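Structure file final_7.txt with compact mmCIF, C-alpha atoms:
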# COMPACT_ATOMS: atom_id res chain seq x y z
CA MET Z 1185 -10.35 -45.62 38.19
CA THR Z 1186 -13.36 -43.48 39.05
CA CYS Z 1187 -14.81 -40.86 36.73
CA GLN Z 1188 -13.22 -38.18 38.94
CA GLU Z 1189 -9.77 -39.78 38.67
CA LEU Z 1190 -10.11 -40.19 34.92
CA GLN Z 1191 -11.29 -36.63 34.43
CA GLU Z 1192 -8.12 -35.34 36.09
CA MET Z 1193 -6.21 -36.81 33.17
CA PHE Z 1194 -8.44 -35.59 30.33
CA GLU Z 1195 -6.23 -32.60 29.46
CA LEU Z 1196 -3.20 -34.88 29.12
CA TYR Z 1197 -5.27 -37.40 27.18
CA ALA Z 1198 -6.38 -34.68 24.75
CA LEU Z 1199 -2.75 -33.62 24.36
CA GLY Z 1200 -1.77 -37.20 23.43
CA VAL Z 1201 0.82 -37.47 26.21
CA LEU Z 1202 -0.70 -40.22 28.39
CA GLU Z 1203 0.91 -43.60 28.83
CA PRO Z 1204 -0.78 -46.35 26.77
CA ALA Z 1205 -2.41 -47.98 29.80
CA GLU Z 1206 -4.04 -44.77 31.05
CA LYS Z 1207 -5.06 -43.82 27.54
CA GLY Z 1208 -6.65 -47.22 26.98
CA GLU Z 1209 -8.63 -46.95 30.19
CA ILE Z 1210 -10.00 -43.50 29.29
CA GLU Z 1211 -11.01 -44.60 25.81
CA ALA Z 1212 -12.74 -47.68 27.10
CA HIS Z 1213 -14.64 -45.56 29.61
CA LEU Z 1214 -15.68 -42.97 27.02
CA ALA Z 1215 -16.76 -45.74 24.66
CA ARG Z 1216 -19.34 -46.81 27.26
CA GLY Z 1217 -21.04 -43.41 26.75
CA CYS Z 1218 -20.43 -41.76 30.14
CA GLU Z 1219 -22.13 -38.39 29.63
CA ASN Z 1220 -20.31 -36.68 32.54
CA CYS Z 1221 -16.91 -37.72 31.22
CA SER Z 1222 -17.87 -36.75 27.70
CA GLN Z 1223 -18.67 -33.24 28.95
CA ALA Z 1224 -15.47 -33.16 31.03
CA LEU Z 1225 -13.46 -34.07 27.95
CA ALA Z 1226 -15.01 -31.11 26.11
CA SER Z 1227 -13.97 -28.86 29.02
CA ALA Z 1228 -10.45 -30.29 28.89
CA LEU Z 1229 -10.22 -29.55 25.16
CA ALA Z 1230 -11.42 -26.00 25.83
CA LEU Z 1231 -8.83 -25.54 28.60
CA ASN Z 1232 -6.10 -26.85 26.33
CA ALA Z 1233 -7.13 -24.43 23.56
CA GLY Z 1234 -7.00 -21.61 26.09
CA VAL Z 1235 -3.48 -22.58 27.16
CA PHE Z 1236 -2.43 -22.65 23.49
CA THR Z 1237 -3.28 -18.94 23.24
CA ILE Z 1238 -0.80 -18.09 26.02
CA ALA Z 1239 2.12 -18.55 23.61
CA PRO Z 1240 3.95 -15.24 23.04
CA PRO Z 1241 2.37 -13.41 20.08
CA MET Z 1242 4.36 -13.61 16.84
CA LYS Z 1243 3.67 -12.20 13.40
CA PRO Z 1244 3.95 -14.42 10.32
CA SER Z 1245 5.28 -13.04 7.03
CA ARG Z 1246 2.83 -11.64 4.47
CA ARG Z 1247 3.78 -14.28 1.94
CA LEU Z 1248 2.42 -17.06 4.18
CA LYS Z 1249 -1.16 -15.94 3.60
CA ARG Z 1250 -0.57 -15.67 -0.15
CA ARG Z 1251 1.03 -19.11 -0.19
CA LEU Z 1252 -1.83 -20.64 1.77
CA LEU Z 1253 -4.60 -19.12 -0.34
CA THR Z 1254 -2.84 -20.07 -3.55
CA SER Z 1255 -2.58 -23.67 -2.31
CA VAL Z 1256 -6.40 -23.86 -2.09
CA GLY Z 1257 -6.87 -22.13 -5.44
CA VAL Z 1258 -7.87 -18.71 -4.12
CA HIS Z 1259 -6.44 -15.70 -5.88
CA TYR Z 1260 -4.84 -13.39 -3.34
CA PRO Z 1261 -4.37 -9.83 -4.60
CA GLY Z 1262 -2.05 -8.82 -1.72
CA TRP Z 1263 0.23 -5.97 -2.85
CA GLY Z 1264 0.44 -7.30 -6.40
CA TRP Z 1265 -1.76 -4.47 -7.68
CA VAL Z 1266 0.74 -1.95 -6.33
CA TRP Z 1267 3.54 -3.60 -8.28
CA ALA Z 1268 1.33 -3.81 -11.37
CA LEU Z 1269 0.45 -0.12 -11.04
CA GLY Z 1270 4.12 0.71 -10.50
CA ALA Z 1271 5.10 -1.31 -13.56
CA ALA Z 1272 2.38 0.39 -15.63
CA CYS Z 1273 3.63 3.82 -14.48
CA LEU Z 1274 7.20 2.85 -15.33
CA LEU Z 1275 6.08 1.71 -18.78
CA LEU Z 1276 4.26 5.01 -19.32
CA VAL Z 1277 7.29 6.99 -18.17
CA ALA Z 1278 9.57 4.89 -20.41
CA ALA Z 1279 7.22 5.40 -23.37
CA TRP Z 1280 7.07 9.16 -22.69
CA LEU Z 1281 10.86 9.33 -22.41
CA GLY Z 1282 11.15 7.38 -25.68
CA ILE Z 1283 8.79 9.81 -27.43
CA GLU Z 1284 10.64 12.80 -25.97
CA GLU Z 1285 13.98 11.32 -27.04
CA ARG Z 1286 12.69 10.77 -30.56
CA ARG Z 1287 11.26 14.31 -30.69
CA ARG Z 1288 14.58 15.69 -29.48
CA THR Z 1289 16.44 13.65 -32.10
CA TYR Z 1290 14.19 15.06 -34.83
CA GLU Z 1291 14.65 18.58 -33.49
CA LEU Z 1292 18.42 18.12 -33.44
CA ALA Z 1293 18.37 16.78 -37.02
CA ASP Z 1294 16.24 19.77 -38.10
CA ALA Z 1295 18.60 22.17 -36.35
CA ARG Z 1296 21.61 20.48 -37.94
CA ARG Z 1297 19.95 20.67 -41.36
CA ALA Z 1298 19.08 24.34 -40.83
CA LEU Z 1299 22.65 25.03 -39.75
CA LEU Z 1300 24.05 23.31 -42.82
CA GLU Z 1301 21.65 25.23 -45.04
CA SER Z 1302 22.58 28.41 -43.26
CA ASN Z 1303 26.29 27.66 -43.74
CA GLY Z 1304 25.69 26.90 -47.43
CA GLU Z 1305 23.78 30.16 -47.79
CA ARG Z 1306 26.58 32.07 -46.07
CA ASP Z 1307 29.18 30.49 -48.39
CA ARG Z 1308 27.11 31.43 -51.42
CA LEU Z 1309 26.73 35.00 -50.20
CA THR Z 1310 30.46 35.23 -49.53
CA GLN Z 1311 31.10 33.93 -53.03
CA ALA Z 1312 28.59 36.44 -54.45
CA LEU Z 1313 30.36 39.28 -52.64
CA GLN Z 1314 33.65 38.17 -54.13
CA PHE Z 1315 31.98 38.30 -57.55
CA LEU Z 1316 30.69 41.80 -56.94
CA SER Z 1317 33.91 43.20 -55.52
CA ASP Z 1318 36.24 41.87 -58.17
CA PRO Z 1319 37.11 44.38 -60.94
CA GLN Z 1320 37.10 41.63 -63.57
CA THR Z 1321 33.40 40.93 -62.97
CA ARG Z 1322 31.19 41.93 -65.86
CA PRO Z 1323 27.54 42.68 -65.10
CA ALA Z 1324 24.45 42.28 -67.22
CA SER Z 1325 20.87 42.97 -66.31
CA PHE Z 1326 17.59 41.39 -67.29
CA GLY Z 1327 13.90 42.12 -67.05
CA ARG Z 1328 14.13 45.82 -67.37
CA GLY Z 1329 11.29 47.29 -69.29
CA GLN Z 1330 9.35 44.04 -69.12
CA THR Z 1331 5.82 44.26 -67.78
CA ALA Z 1332 6.17 41.06 -65.81
CA PRO Z 1333 9.00 40.28 -63.43
CA PRO Z 1334 11.47 38.72 -62.72
CA ARG Z 1335 14.20 41.21 -62.84
CA GLY Z 1336 17.82 41.07 -61.81
CA TYR Z 1337 21.49 40.84 -62.74
CA VAL Z 1338 23.95 38.35 -64.13
CA PHE Z 1339 27.62 38.72 -63.26
CA LEU Z 1340 30.33 36.97 -65.24
CA HIS Z 1341 33.91 36.44 -64.11
CA PRO Z 1342 36.51 34.60 -66.13
CA GLN Z 1343 37.76 32.54 -63.13
CA MET Z 1344 34.84 32.48 -60.71
CA GLY Z 1345 32.07 31.73 -63.25
CA VAL Z 1346 28.51 33.10 -63.50
CA LEU Z 1347 26.41 34.66 -60.71
CA LEU Z 1348 22.66 35.12 -61.15
CA ILE Z 1349 20.66 37.34 -58.79
CA ALA Z 1350 16.91 37.50 -59.47
CA SER Z 1351 14.11 39.24 -57.66
CA ASN Z 1352 10.36 38.75 -57.97
CA LEU Z 1353 10.98 35.20 -59.09
CA PRO Z 1354 8.09 32.99 -57.94
CA ALA Z 1355 8.72 29.53 -56.52
CA ALA Z 1356 8.93 26.82 -59.17
CA PRO Z 1357 5.77 24.68 -59.51
CA ALA Z 1358 5.63 21.44 -57.52
CA GLY Z 1359 7.98 18.79 -58.89
CA LYS Z 1360 9.80 21.43 -60.99
CA THR Z 1361 13.00 23.41 -60.61
CA TYR Z 1362 14.72 26.36 -62.23
CA GLU Z 1363 17.66 25.55 -64.48
CA MET Z 1364 20.21 28.12 -65.66
CA TRP Z 1365 21.66 27.94 -69.16
CA VAL Z 1366 24.78 29.54 -70.59
CA ILE Z 1367 24.24 30.11 -74.29
CA PRO Z 1368 27.43 30.80 -76.29
CA LYS Z 1369 27.24 33.14 -79.22
CA GLY Z 1370 26.06 31.02 -82.12
CA GLY Z 1371 26.15 27.86 -79.98
CA ALA Z 1372 23.77 25.49 -78.21
CA PRO Z 1373 22.63 26.19 -74.59
CA GLN Z 1374 24.85 24.60 -71.94
CA PRO Z 1375 23.26 23.48 -68.61
CA ALA Z 1376 24.58 25.69 -65.77
CA GLY Z 1377 22.96 24.20 -62.64
CA LEU Z 1378 19.61 23.85 -60.89
CA PHE Z 1379 18.25 26.21 -58.22
CA GLN Z 1380 15.09 27.18 -56.39
CA SER Z 1381 13.52 30.52 -55.53
CA ASP Z 1382 12.26 31.33 -52.05
CA GLY Z 1383 9.21 32.87 -53.74
CA MET Z 1384 10.77 36.32 -54.00
CA ARG Z 1385 14.49 36.04 -54.57
CA ALA Z 1386 16.98 33.60 -56.00
CA LEU Z 1387 20.73 33.47 -56.10
CA HIS Z 1388 22.61 30.93 -58.19
CA ILE Z 1389 26.27 30.52 -58.98
CA LEU Z 1390 27.95 28.48 -61.69
CA SER Z 1391 31.44 28.06 -60.30
CA GLY Z 1392 34.51 27.67 -62.48
CA PRO Z 1393 36.25 29.46 -65.32
CA VAL Z 1394 34.11 30.65 -68.23
CA ASP Z 1395 34.90 32.33 -71.55
CA VAL Z 1396 33.08 35.58 -70.87
CA ALA Z 1397 33.65 36.92 -74.36
CA ALA Z 1398 32.07 33.85 -75.97
CA ILE Z 1399 28.85 33.94 -73.90
CA GLY Z 1400 25.91 35.48 -75.75
CA THR Z 1401 23.09 34.97 -73.25
CA VAL Z 1402 22.41 33.58 -69.77
CA ALA Z 1403 18.90 32.13 -69.57
CA VAL Z 1404 16.66 30.38 -67.06
CA THR Z 1405 13.87 27.88 -67.76
CA ILE Z 1406 11.55 25.72 -65.63
CA GLU Z 1407 12.53 22.06 -65.83
CA PRO Z 1408 11.66 18.75 -64.17
CA ALA Z 1409 13.21 18.28 -60.69
CA ALA Z 1410 16.13 16.25 -62.11
CA GLY Z 1411 16.92 18.91 -64.69
CA SER Z 1412 17.16 18.66 -68.49
CA SER Z 1413 19.91 18.49 -71.06
CA ALA Z 1414 18.12 21.02 -73.29
CA PRO Z 1415 15.95 23.96 -72.23
CA THR Z 1416 12.17 23.61 -72.17
CA MET Z 1417 10.22 26.58 -73.45
CA PRO Z 1418 9.28 29.18 -72.39
CA ILE Z 1419 12.34 31.02 -71.19
CA VAL Z 1420 11.74 32.64 -67.82
CA ILE Z 1421 14.87 34.78 -67.74
CA ALA Z 1422 17.02 35.84 -70.64
CA ALA Z 1423 20.01 38.07 -69.95
CA PRO Z 1424 21.87 39.07 -73.10
CA ILE Z 1425 25.57 39.62 -72.49
CA GLY Z 1426 26.76 42.67 -74.35
CA THR Z 1427 30.18 42.88 -75.96
CA MET F 1494 -33.02 -8.19 23.34
CA LEU F 1495 -35.27 -7.47 26.34
CA LEU F 1496 -32.80 -9.38 28.51
CA LEU F 1497 -29.95 -7.22 27.25
CA LYS F 1498 -31.84 -4.09 28.32
CA LEU F 1499 -32.13 -5.39 31.88
CA LEU F 1500 -28.41 -6.19 32.24
CA PRO F 1501 -25.67 -3.69 33.15
CA ALA F 1502 -24.20 -2.12 30.00
CA GLY F 1503 -20.73 -3.73 30.33
CA LEU F 1504 -22.10 -7.22 30.76
CA ALA F 1505 -24.60 -6.76 27.94
CA PHE F 1506 -21.82 -5.62 25.66
CA ALA F 1507 -19.67 -8.64 26.56
CA ILE F 1508 -22.56 -11.04 25.91
CA LEU F 1509 -23.32 -9.33 22.62
CA GLN F 1510 -19.66 -9.53 21.59
CA VAL F 1511 -19.46 -13.26 22.32
CA ALA F 1512 -22.76 -13.87 20.53
CA LEU F 1513 -21.55 -11.98 17.46
CA ARG F 1514 -18.25 -13.86 17.39
CA LEU F 1515 -20.02 -17.21 17.71
CA ALA F 1516 -22.43 -16.28 14.94
CA ASP F 1517 -19.40 -15.26 12.88
CA ASP F 1518 -17.66 -18.61 13.47
CA ALA F 1519 -20.80 -20.59 12.60
CA ASP F 1520 -21.19 -18.56 9.44
CA LEU F 1521 -17.51 -18.97 8.62
CA VAL F 1522 -17.77 -22.76 8.96
CA ARG F 1523 -20.77 -22.76 6.61
CA ARG F 1524 -18.82 -20.71 4.07
CA LEU F 1525 -15.77 -22.99 4.40
CA LYS F 1526 -18.00 -25.98 3.73
CA ALA F 1527 -19.42 -24.21 0.68
CA ARG F 1528 -15.84 -23.62 -0.50
CA GLU F 1529 -16.38 -19.89 -0.81
CA PRO F 1530 -13.13 -18.26 -2.00
CA ARG F 1531 -13.16 -15.57 0.75
CA ALA F 1532 -13.79 -18.11 3.55
CA MET F 1533 -10.19 -19.35 3.76
CA ASN F 1534 -9.01 -15.75 3.76
CA ASP F 1535 -11.29 -14.96 6.71
CA LEU F 1536 -10.30 -18.12 8.59
CA TYR F 1537 -6.64 -17.18 8.27
CA ASP F 1538 -7.32 -13.57 9.31
CA ARG F 1539 -9.13 -14.81 12.42
CA TYR F 1540 -6.82 -17.59 13.60
CA GLY F 1541 -3.63 -17.41 11.48
CA ARG F 1542 -1.66 -15.30 13.90
CA LEU F 1543 -2.68 -17.35 16.96
CA ALA F 1544 -1.75 -20.59 15.17
CA TYR F 1545 1.58 -19.16 14.03
CA SER F 1546 2.45 -17.91 17.55
CA LEU F 1547 1.64 -21.31 19.05
CA ILE F 1548 3.62 -23.25 16.44
CA CYS F 1549 6.56 -20.85 16.73
CA ARG F 1550 6.59 -21.38 20.49
CA ILE F 1551 6.80 -25.15 19.91
CA VAL F 1552 9.23 -25.47 16.98
CA ARG F 1553 11.14 -22.21 17.58
CA ASN F 1554 11.87 -21.77 13.88
CA PRO F 1555 9.89 -19.20 11.84
CA SER F 1556 10.36 -20.92 8.49
CA THR F 1557 9.28 -24.34 9.80
CA ALA F 1558 6.42 -22.64 11.65
CA GLU F 1559 5.11 -21.14 8.40
CA ASP F 1560 5.17 -24.57 6.72
CA LEU F 1561 3.27 -26.03 9.65
CA VAL F 1562 0.70 -23.21 9.66
CA GLN F 1563 0.04 -23.94 6.01
CA GLU F 1564 -0.32 -27.64 6.80
CA THR F 1565 -2.71 -26.77 9.66
CA PHE F 1566 -5.05 -24.65 7.56
CA LEU F 1567 -5.02 -27.16 4.69
CA ARG F 1568 -5.99 -29.89 7.15
CA VAL F 1569 -8.86 -27.75 8.49
CA TRP F 1570 -9.94 -26.94 4.92
CA ASN F 1571 -9.95 -30.64 4.00
CA ARG F 1572 -11.80 -31.81 7.12
CA VAL F 1573 -14.25 -28.99 7.74
CA GLN F 1574 -17.13 -30.92 6.15
CA SER F 1575 -17.31 -33.05 9.33
CA PHE F 1576 -17.29 -30.01 11.63
CA ASP F 1577 -20.57 -29.03 13.30
CA ALA F 1578 -21.13 -25.41 12.30
CA GLU F 1579 -23.79 -24.78 14.95
CA ARG F 1580 -22.16 -26.31 18.04
CA GLY F 1581 -18.40 -26.65 17.50
CA ALA F 1582 -15.70 -24.26 18.69
CA LEU F 1583 -13.83 -23.47 15.50
CA GLY F 1584 -10.92 -21.63 17.14
CA ALA F 1585 -10.24 -24.44 19.64
CA TRP F 1586 -10.21 -26.96 16.80
CA VAL F 1587 -7.84 -24.89 14.63
CA LEU F 1588 -5.41 -24.37 17.54
CA THR F 1589 -5.50 -28.07 18.46
CA VAL F 1590 -4.68 -29.01 14.86
CA ALA F 1591 -1.88 -26.41 14.87
CA ARG F 1592 -0.42 -27.68 18.14
CA ASN F 1593 -0.56 -31.28 16.96
CA ARG F 1594 1.16 -30.48 13.66
CA ALA F 1595 4.00 -28.81 15.59
CA ILE F 1596 4.28 -31.68 18.10
CA ASP F 1597 4.29 -34.19 15.21
CA HIS F 1598 7.17 -32.22 13.73
CA LEU F 1599 9.08 -32.22 17.04
CA ARG F 1600 8.51 -35.95 17.46
CA SER F 1601 9.67 -36.67 13.91
CA VAL F 1602 12.85 -34.71 14.62
CA ASP F 1603 13.34 -36.59 17.92
CA GLY F 1604 12.50 -39.97 16.36
CA ARG F 1605 9.34 -40.46 18.45
CA MET F 1606 7.00 -40.13 15.50
CA GLU F 1607 5.26 -43.36 14.52
CA ALA F 1608 2.63 -44.09 17.17
CA GLY F 1609 2.27 -40.46 18.24
CA ALA F 1610 1.22 -39.22 14.80
CA ILE F 1611 -1.76 -41.58 14.66
CA GLU F 1612 -2.69 -40.74 18.23
CA LEU F 1613 -2.72 -36.98 17.63
CA ASP F 1614 -4.69 -37.43 14.44
CA HIS F 1615 -7.32 -39.26 16.48
CA LEU F 1616 -7.44 -36.46 19.06
CA GLU F 1617 -8.20 -33.66 16.63
CA ARG F 1618 -11.13 -35.17 14.73
CA PRO F 1619 -13.91 -32.54 14.30
CA GLY F 1620 -16.49 -34.66 16.18
CA LEU F 1621 -14.53 -34.21 19.44
CA PHE F 1622 -15.12 -30.46 19.32
CA ALA F 1623 -18.89 -30.66 18.93
CA LYS F 1624 -19.60 -30.45 22.66
CA LEU F 1625 -17.14 -27.67 23.39
CA ASP F 1626 -18.30 -24.40 24.76
CA SER F 1627 -18.14 -22.19 21.67
CA ALA F 1628 -16.70 -19.41 23.83
CA ALA F 1629 -13.59 -21.48 24.60
CA LEU F 1630 -11.36 -18.67 23.36
CA ALA F 1631 -13.40 -15.78 24.75
CA MET F 1632 -11.16 -12.93 25.87
CA ASP F 1633 -12.16 -13.21 29.51
CA ARG F 1634 -11.32 -16.93 29.72
CA VAL F 1635 -7.96 -16.40 28.05
CA ARG F 1636 -7.12 -13.53 30.38
CA ARG F 1637 -8.01 -15.60 33.46
CA LEU F 1638 -5.97 -18.56 32.19
CA LYS F 1639 -2.96 -16.37 31.56
CA SER F 1640 -3.22 -14.93 35.04
CA ALA F 1641 -3.55 -18.42 36.55
CA PHE F 1642 -0.58 -19.64 34.52
CA GLU F 1643 1.56 -16.92 36.06
CA LYS F 1644 0.54 -18.07 39.53
CA LEU F 1645 1.95 -21.58 38.97
CA THR F 1646 5.19 -22.54 40.68
CA PRO F 1647 8.21 -22.87 38.37
CA ALA F 1648 8.00 -26.67 38.59
CA GLN F 1649 4.28 -26.67 37.78
CA ARG F 1650 4.80 -24.28 34.89
CA GLN F 1651 7.66 -26.42 33.58
CA VAL F 1652 5.61 -29.62 33.44
CA ILE F 1653 2.71 -27.82 31.77
CA GLU F 1654 5.07 -26.40 29.14
CA LEU F 1655 6.65 -29.82 28.56
CA ALA F 1656 3.22 -31.41 28.04
CA TYR F 1657 1.64 -28.65 25.94
CA TYR F 1658 4.62 -27.36 23.97
CA GLU F 1659 6.90 -30.41 23.75
CA GLY F 1660 4.32 -33.21 23.78
CA MET F 1661 6.09 -35.13 26.54
CA SER F 1662 4.48 -37.87 28.59
CA GLN F 1663 4.95 -37.73 32.36
CA THR F 1664 7.52 -40.53 32.15
CA GLU F 1665 9.51 -38.50 29.61
CA MET F 1666 9.23 -35.42 31.82
CA ALA F 1667 10.54 -37.38 34.82
CA GLU F 1668 13.55 -38.45 32.77
CA ARG F 1669 14.15 -34.94 31.47
CA LEU F 1670 13.78 -33.31 34.90
CA LYS F 1671 15.52 -36.16 36.74
CA GLN F 1672 12.64 -36.34 39.20
CA PRO F 1673 10.58 -39.31 40.43
CA LEU F 1674 7.54 -40.01 38.26
CA GLY F 1675 5.27 -39.54 41.29
CA THR F 1676 6.59 -36.02 41.83
CA VAL F 1677 6.03 -35.10 38.19
CA LYS F 1678 2.49 -36.47 38.35
CA THR F 1679 1.78 -34.40 41.47
CA TRP F 1680 3.11 -31.22 39.85
CA THR F 1681 1.05 -31.87 36.70
CA ARG F 1682 -2.14 -32.71 38.56
CA SER F 1683 -1.91 -29.66 40.81
CA ALA F 1684 -1.07 -27.31 37.92
CA LEU F 1685 -4.02 -28.51 35.87
CA LYS F 1686 -6.31 -28.17 38.88
CA ILE F 1687 -5.32 -24.51 39.30
CA LEU F 1688 -6.03 -23.80 35.65
CA ARG F 1689 -9.28 -25.78 35.71
CA ASP F 1690 -10.50 -24.01 38.87
CA GLU F 1691 -9.76 -20.62 37.34
CA LEU F 1692 -11.95 -21.42 34.34
CA ALA F 1693 -14.63 -22.86 36.59
CA GLU F 1694 -14.77 -19.51 38.37
CA VAL F 1695 -15.34 -17.77 35.03
CA ALA F 1696 -18.15 -20.20 34.24
CA ILE F 1697 -19.77 -19.62 37.66
CA ALA F 1698 -19.36 -15.85 37.37
As structure tokens, how would this structure be written, given the file I've shared?
Amino acid sequence: MTCQELQEMFELYALGVLEPAEKGEIEAHLARGCENCSQALASALALNAGVFTIAPPMKPSRRLKRRLLTSVGVHYPGWGWVWALGAACLLLVAAWLGIEERRRTYELADARRALLESNGERDRLTQALQFLSDPQTRPASFGRGQTAPPRGYVFLHPQMGVLLIASNLPAAPAGKTYEMWVIPKGGAPQPAGLFQSDGMRALHILSGPVDVAAIGTVAVTIEPAAGSSAPTMPIVIAAPIGT
Amino acid sequence: MLLLKLLPAGLAFAILQVALRLADDADLVRRLKAREPRAMNDLYDRYGRLAYSLICRIVRNPSTAEDLVQETFLRVWNRVQSFDAERGALGAWVLTVARNRAIDHLRSVDGRMEAGAIELDHLERPGLFAKLDSAALAMDRVRRLKSAFEKLTPAQRQVIELAYYEGMSQTEMAERLKQPLGTVKTWTRSALKILRDELAEVAIA
């Protein structure tokens, strides 16, 4: 075949679709170094490449690029940073929600504690009112005429017990508490419960029947937080119970 | 630059565009050879979509096409050291590798693999693309080719598609189309001549 005839088949040769005989002839010709045919082959390759671009345009998925770059060891950021940022935001929100939840739990516990204390205080006041309104209650005062407070009243009731109301009573020192004592006439002081002052006032009740006639004095001392079995001097309050 | 000043603005712009693209491709080949991490990213950005469209047209399966695109770019990555950065047409080479990977796949499915695979491998070696006009994929050429392709008769277009997109020899086409081999050869020869002449006009212009 002539160069012209061979060149008409170069596109098909470059596509690898020629019959073996034709292909063999072209290769033998090119091997002889025909410059014209070598240039014509380049043109055929260029034409083929141009025809390849006529294929209808399609769009590959995003992950193809990531897959390809990963396969040659190139880190591909893609949209990973968005996910990372999203995850970081979610973590922050979760942490904030956790902190808020904990704060709310503490606030609820505080509120519950305050409510319980408030209920306890209300019960004590109700009990104190019952003391004061009952005709069997016998009052006694203390602190009158003293230069230093505290001052106040002790109320005794044969069934309800002993009520102590003190004013100007400072808060007990740190780690200490006030302890009330019931001192029978001619007898040893009996512990009658621990209480605290709010810095100004204190109200304490010893509930249960008492022998009013046998009580000589109701006293208060400052004791360790767990209380004592015998009073520690000095006596802060001493309310003598008259006959 | 003086020459550019003397040319009409449109033509000067077109020449400048082609020159910039060629410079880009030469630089990209150098960076691929140097194994720069961003080079593969840029190669894919430039030719990934064209390669995928071509392979999709041939295998008609997006998932298989993605596998074959990956195979194409890995092959280019592994063989780029033999590619002439200054003279070769990078885009034409990438598309030829892409087309051959897809045809290899079709042939393996059809059971016509063995000899064909070696043959296609031989026809995509980087040295073959050294003498190509670097502007093989210039916009103007592609536009002219597309227009010429639309002018082909249905029979001419069919044989071109069977050769380019199905990798069929003329004997196989004759069997598929139930036409004499001579007729198929005439259709093919005339179709290629139309396409060739269209590109020749671009070159002359």
Would you mind telling me which residue in Z:Pro1334, Z:Gly1200, Z:Gly1383, Z:Gly1400 lies nearest to Z:Lys1369 when using all atoms listed in the file?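 Under the stated criterion, the closest residue is Z:Gly1400.
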Please report, as a tab-separated table, each residue of chain F lying at most 6 Å from chain Z, together with the nearest pair of atoms and the separation in Å rounded to one decimal; use only C-alpha atoms, and order rows by chain and ascending residue number.
residue	atom	partner	partner_atom	distance
F:Pro1530	CA	Z:Val1258	CA	5.7
F:Ser1546	CA	Z:Met1242	CA	4.8
F:Leu1547	CA	Z:Ala1239	CA	5.4
F:Gln1563	CA	Z:Leu1252	CA	5.7
F:Ala1585	CA	Z:Ala1233	CA	5.0
F:Leu1613	CA	Z:Gly1200	CA	5.9
F:Lys1624	CA	Z:Ala1226	CA	5.8
F:Leu1625	CA	Z:Ala1226	CA	4.9
F:Ala1629	CA	Z:Ala1230	CA	5.2
F:Leu1630	CA	Z:Gly1234	CA	5.9
F:Val1635	CA	Z:Gly1234	CA	5.6
F:Met1661	CA	Z:Val1201	CA	5.8
F:Ser1662	CA	Z:Val1201	CA	4.4
Can you write just those residues out, C-alpha atoms, as a PDB file, keeping the file's coordinate frame?
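What ended up in out.pdb:
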ATOM      1  CA  PRO F1530     -13.130 -18.260  -2.000  1.00  0.00           C
ATOM      2  CA  SER F1546       2.450 -17.910  17.550  1.00  0.00           C
ATOM      3  CA  LEU F1547       1.640 -21.310  19.050  1.00  0.00           C
ATOM      4  CA  GLN F1563       0.040 -23.940   6.010  1.00  0.00           C
ATOM      5  CA  ALA F1585     -10.240 -24.440  19.640  1.00  0.00           C
ATOM      6  CA  LEU F1613      -2.720 -36.980  17.630  1.00  0.00           C
ATOM      7  CA  LYS F1624     -19.600 -30.450  22.660  1.00  0.00           C
ATOM      8  CA  LEU F1625     -17.140 -27.670  23.390  1.00  0.00           C
ATOM      9  CA  ALA F1629     -13.590 -21.480  24.600  1.00  0.00           C
ATOM     10  CA  LEU F1630     -11.360 -18.670  23.360  1.00  0.00           C
ATOM     11  CA  VAL F1635      -7.960 -16.400  28.050  1.00  0.00           C
ATOM     12  CA  MET F1661       6.090 -35.130  26.540  1.00  0.00           C
ATOM     13  CA  SER F1662       4.480 -37.870  28.590  1.00  0.00           C
TER      14      SER F1662
END
Skip F:Tyr1540 itself and residues of its chain fewer than 2 positions away, then list as a list of chain:residue names all residues within 8 Å of it, counting all atoms listed in the file.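 So the residues in contact are F:Leu1536, F:Tyr1537, F:Asp1538, F:Arg1542, F:Leu1543, F:Ala1544, F:Gly1584, F:Val1587, F:Leu1588.
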Surrounding residues of Z:Arg1322 excluding itself and chain neighbours under 4 positions, 8 Å, only C-alpha atoms, as an NGL selection string: :Z and (1339-1341)
Please indicate the distance in Å from atom CA of Z:Gly1208 to atom CA of F:Arg1689, rounded to one decimal place.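 Separation of atom CA of Z:Gly1208 and atom CA of F:Arg1689: 23.3 Å.
The interatomic distance for the pair atom CA of Z:Leu1347 and atom CA of Z:His1388 works out to 5.9 Å.
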How many Å lie between atom CA of Z:Pro1204 and atom CA of F:Ala1693, rounded to one decimal? 29.0 Å
Could you pull the residues within 9 Å of F:Ala1684, counting all atoms listed in the file, minus those fewer than 3 positions along the same chain, as a PDB file with C-alpha atoms, in the frame of the given file?
ATOM      1  CA  PHE F1642      -0.580 -19.640  34.520  1.00  0.00           C
ATOM      2  CA  LEU F1645       1.950 -21.580  38.970  1.00  0.00           C
ATOM      3  CA  THR F1646       5.190 -22.540  40.680  1.00  0.00           C
ATOM      4  CA  GLN F1649       4.280 -26.670  37.780  1.00  0.00           C
ATOM      5  CA  ARG F1650       4.800 -24.280  34.890  1.00  0.00           C
ATOM      6  CA  VAL F1652       5.610 -29.620  33.440  1.00  0.00           C
ATOM      7  CA  ILE F1653       2.710 -27.820  31.770  1.00  0.00           C
ATOM      8  CA  THR F1679       1.780 -34.400  41.470  1.00  0.00           C
ATOM      9  CA  TRP F1680       3.110 -31.220  39.850  1.00  0.00           C
ATOM     10  CA  THR F1681       1.050 -31.870  36.700  1.00  0.00           C
ATOM     11  CA  ILE F1687      -5.320 -24.510  39.300  1.00  0.00           C
ATOM     12  CA  LEU F1688      -6.030 -23.800  35.650  1.00  0.00           C
ATOM     13  CA  ARG F1689      -9.280 -25.780  35.710  1.00  0.00           C
TER      14      ARG F1689
END
